[in-house]
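The file coords_14.txt contains compact mmCIF, C-alpha atoms:
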```txt
# COMPACT_ATOMS: atom_id res chain seq x y z
CA MET A 1 171.52 29.75 26.84
CA THR A 2 169.95 30.08 23.37
CA ARG A 3 166.25 30.92 23.37
CA GLU A 4 164.34 28.13 21.64
CA THR A 5 161.42 28.70 19.27
CA VAL A 6 158.57 26.20 19.01
CA THR A 7 156.34 26.60 15.94
CA HIS A 8 153.10 25.09 14.70
CA ARG A 9 155.28 23.02 12.33
CA ASP A 10 156.75 21.27 15.39
CA GLY A 11 153.24 20.36 16.46
CA HIS A 12 149.82 21.80 17.14
CA VAL A 13 146.59 20.60 18.72
CA TYR A 14 142.92 21.51 18.66
CA GLU A 15 142.13 19.88 22.01
CA PHE A 16 144.05 18.64 25.02
CA GLY A 17 144.12 15.03 26.24
CA PRO A 18 146.20 12.66 28.37
CA GLU A 19 147.52 10.70 25.34
CA MET A 20 149.50 13.66 24.01
CA GLU A 21 153.25 13.69 23.65
CA ALA A 22 155.20 16.92 24.01
CA VAL A 23 156.84 18.44 20.93
CA TYR A 24 159.29 20.28 23.21
CA GLU A 25 160.40 19.96 26.83
CA ALA A 26 161.25 23.26 28.52
CA ALA A 27 163.46 23.51 31.59
CA ASP A 28 161.99 25.10 34.71
CA GLY A 29 162.38 28.87 34.26
CA GLU A 30 163.30 28.67 30.57
CA SER A 31 162.05 31.36 28.19
CA VAL A 32 160.62 29.97 24.95
CA THR A 33 159.28 31.77 21.90
CA ILE A 34 156.04 30.26 20.59
CA ALA A 35 155.25 30.91 16.92
CA THR A 36 151.60 30.32 16.11
CA ARG A 37 149.46 30.04 13.03
CA ASP A 38 146.44 32.18 12.22
CA SER A 39 143.07 30.84 13.36
CA LEU A 40 142.28 29.34 9.93
CA ASN A 41 145.68 27.60 9.56
CA GLY A 42 146.79 29.69 6.58
CA ALA A 43 143.75 28.84 4.43
CA ILE A 44 143.02 32.50 3.62
CA GLN A 45 145.81 34.23 1.68
CA ARG A 46 143.98 36.31 -0.99
CA ASP A 47 140.72 38.24 -1.28
CA ASP A 48 139.30 35.48 -3.48
CA ASP A 49 139.90 32.79 -0.83
CA LEU A 50 136.38 32.43 0.57
CA LEU A 51 135.24 30.59 3.65
CA GLU A 52 132.08 28.81 2.50
CA GLU A 53 131.54 27.22 5.93
CA ILE A 54 133.16 27.17 9.34
CA PRO A 55 135.96 24.56 9.44
CA GLU A 56 135.81 21.83 12.08
CA GLU A 57 139.24 22.79 13.39
CA VAL A 58 140.08 26.43 14.13
CA ASN A 59 142.46 28.16 16.56
CA ALA A 60 145.22 25.57 16.77
CA ALA A 61 147.48 25.74 19.83
CA THR A 62 151.21 25.27 19.19
CA GLY A 63 152.61 22.38 21.22
CA PRO A 64 152.17 20.63 23.53
CA ILE A 65 155.18 21.74 25.57
CA ALA A 66 156.26 19.86 28.68
CA VAL A 67 158.05 21.37 31.68
CA THR A 68 160.95 19.29 33.00
CA GLY A 69 160.32 18.09 36.54
CA ALA A 70 156.67 19.19 36.76
CA SER A 71 154.58 16.81 38.86
CA PRO A 72 150.90 16.51 39.82
CA GLY A 73 150.11 19.08 42.49
CA ASP A 74 152.78 21.55 41.33
CA VAL A 75 151.79 25.11 40.47
CA LEU A 76 152.76 26.14 36.95
CA ALA A 77 153.26 29.85 36.29
CA VAL A 78 153.54 31.09 32.71
CA GLU A 79 154.52 34.68 31.96
CA ILE A 80 153.53 36.08 28.57
CA GLU A 81 156.30 38.57 27.77
CA ALA A 82 154.83 39.93 24.52
CA VAL A 83 152.40 39.14 21.72
CA ARG A 84 153.87 40.17 18.38
CA VAL A 85 152.37 40.56 14.93
CA ALA A 86 154.30 38.20 12.68
CA GLU A 87 152.85 39.07 9.28
CA ASP A 88 152.62 42.16 7.11
CA ARG A 89 148.92 41.59 6.44
CA GLY A 90 145.72 40.59 8.16
CA ARG A 91 142.47 38.97 7.16
CA VAL A 92 138.84 39.96 7.58
CA VAL A 93 136.69 36.90 6.89
CA THR A 94 132.92 36.44 7.06
CA THR A 95 130.60 33.63 6.17
CA PRO A 96 127.00 33.11 7.23
CA GLY A 97 127.04 32.84 11.03
CA PHE A 98 130.79 33.49 11.34
CA GLY A 99 133.02 36.56 11.46
CA LEU A 100 132.94 40.08 12.82
CA LEU A 101 130.60 41.33 10.07
CA ARG A 102 128.53 38.15 9.74
CA ASP A 103 125.18 39.92 10.24
CA ASP A 104 125.91 43.04 8.17
CA PRO A 105 123.22 43.24 5.45
CA GLU A 106 125.54 45.34 3.24
CA ILE A 107 128.02 42.47 2.79
CA ASP A 108 127.51 39.54 0.44
CA HIS A 109 128.61 36.41 2.29
CA PRO A 110 131.04 34.79 2.17
CA ALA A 111 133.54 37.64 1.93
CA THR A 112 137.28 38.04 2.48
CA ARG A 113 139.44 41.15 2.65
CA ILE A 114 143.24 41.05 2.96
CA THR A 115 144.53 44.15 4.74
CA GLU A 116 148.11 45.41 4.87
CA VAL A 117 149.66 46.00 8.28
CA ASP A 118 151.45 49.33 8.54
CA GLY A 119 153.40 50.86 11.37
CA ASP A 120 156.68 51.12 13.14
CA GLY A 121 155.45 50.14 16.58
CA PRO A 122 157.57 48.27 19.12
CA ASP A 123 157.85 44.49 18.98
CA ASP A 124 154.63 44.07 20.96
CA GLY A 125 152.53 45.29 18.00
CA ALA A 126 151.55 48.63 19.59
CA GLY A 127 151.42 51.32 16.94
CA GLU A 128 150.77 48.92 14.07
CA ARG A 129 147.56 49.52 12.13
CA ILE A 130 145.49 48.31 9.23
CA ASP A 131 143.63 50.41 6.68
CA PHE A 132 140.18 48.95 6.09
CA GLU A 133 138.47 50.86 3.26
CA GLY A 134 139.74 54.20 4.57
CA ILE A 135 139.17 53.36 8.23
CA ASP A 136 142.38 53.40 10.27
CA VAL A 137 142.17 50.47 12.70
CA PRO A 138 144.79 49.93 15.44
CA ILE A 139 146.02 46.38 15.82
CA GLU A 140 145.47 44.86 19.23
CA PRO A 141 147.33 41.53 19.18
CA VAL A 142 145.65 38.72 21.10
CA LEU A 143 147.19 35.62 22.56
CA GLY A 144 144.74 33.22 20.97
CA THR A 145 144.45 29.74 22.47
CA ILE A 146 146.55 28.63 25.44
CA GLY A 147 146.02 25.72 27.78
CA VAL A 148 147.68 23.62 30.42
CA CYS A 149 147.29 19.87 30.56
CA LEU A 150 148.89 17.84 33.32
CA LEU A 151 149.52 14.28 32.24
CA TYR A 152 149.30 11.78 35.08
CA THR A 153 151.71 8.88 34.84
CA SER A 154 152.06 5.94 37.15
```

Represent the structure of the file as structure tokens.
Amino acid sequence: MTRETVTHRDGHVYEFGPEMEAVYEAADGESVTIATRDSLNGAIQRDDDLLEEIPEEVNAATGPIAVTGASPGDVLAVEIEAVRVAEDRGRVVTTPGFGLLRDDPEIDHPATRITEVDGDGPDDGAGERIDFEGIDVPIEPVLGTIGVCLLYTS
């Protein structure tokens, strides 16, 4: 069986609700690769792309994905096999009240820094790093947003 990939281009949501329709239906036990978008939906690509204010929609979840045969009362188990870095660069973004360095008095806000990802780590991102103004920072990939929504039908 070919492993399917579902991307944010197939569909993505910022909240879950009973009116949703699945963008993909996975068979029970099927392995699926989920390709996600960065938390700002690709809005920041260069150092001069500035975030003047926090967008209304951040951290999109790819999907929704249905599971064939799932019914109310069933237990759904999802195994995350790996979280992989999919780009050769990262973004450090701050704006007043937002971002890792939001309260740093040495930084004029808003600010953006594009950082190159370097490393030959395994597919799970271990060993990959960024260089931030001479500081070597290991990448620790995070899953981001994941949710389960059971749609009741009659």

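Using only C-alpha atoms, the smallest distance between any of A:Val85, A:Leu76, A:Ala60, A:Leu51 and Glu128 (chain A) comes from A:Val85.
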
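Remark: for Asp38 (chain A), the closest of the candidate residues A:Gly90, A:Pro18, A:Gly147, A:Gly97 is A:Gly90 (distances computed over only C-alpha atoms).
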
Extract, using only C-alpha atoms, all DNA, RNA and protein residues at most 12 Å from Arg102 (chain A), discarding same-chain residues fewer than 6 positions from it, and format them as a list in words.
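Counting only C-alpha atoms, the residues come to Leu51, Glu53, Ile54, Val92, Val93, Thr94, Thr95, Pro96, Asp108, His109, Pro110, Ala111 and Thr112 of chain A.
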
Quick one: distance from CA of Val83 (chain A) to CA of Arg46 (chain A) in Å, one decimal?
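The value is 24.4 Å.
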
How far is it from CA of Asn41 (chain A) to CA of Glu25 (chain A), in Å with one decimal?
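Separation of CA of Asn41 (chain A) and CA of Glu25 (chain A): 23.9 Å.
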
Could you state the separation of CA of Ala27 (chain A) and CA of Arg84 (chain A) in Å, given to one decimal place?
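For CA of Ala27 (chain A) relative to CA of Arg84 (chain A), the distance reads 23.3 Å.
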
Nearest residue to Arg91 (chain A) from the set A:Thr2, A:Ser39, A:Ser31, A:Thr145 (distances using only C-alpha atoms)
A:Ser39

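Minimum atom-to-atom distances from A:Arg113, A:Arg3, A:Arg89, A:Arg9 to Thr36 (chain A) were compared using all atoms listed in the file, and the lowest value belongs to A:Arg9.
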
Show me the residues close to (142.4, 23.3, 10.8) - anything with an atom within 9 Å, counting all atoms listed in the file - and format the list as a PyMOL selection string.
chain A and resi 14+39-43+55-60

Out of A:Glu116, A:Asp10, A:Asp104, A:Glu21, which residue has the shortest atom-to-atom distance to Arg37 (chain A) when counting all atoms listed in the file?
A:Asp10

For the point (155.9, 36.0, 30.2) in the file's frame, write as a VMD selection string all residues with an atom no more than 12 Å away, counting all atoms listed in the file.
chain A and resid 29 to 34 77 to 83 143
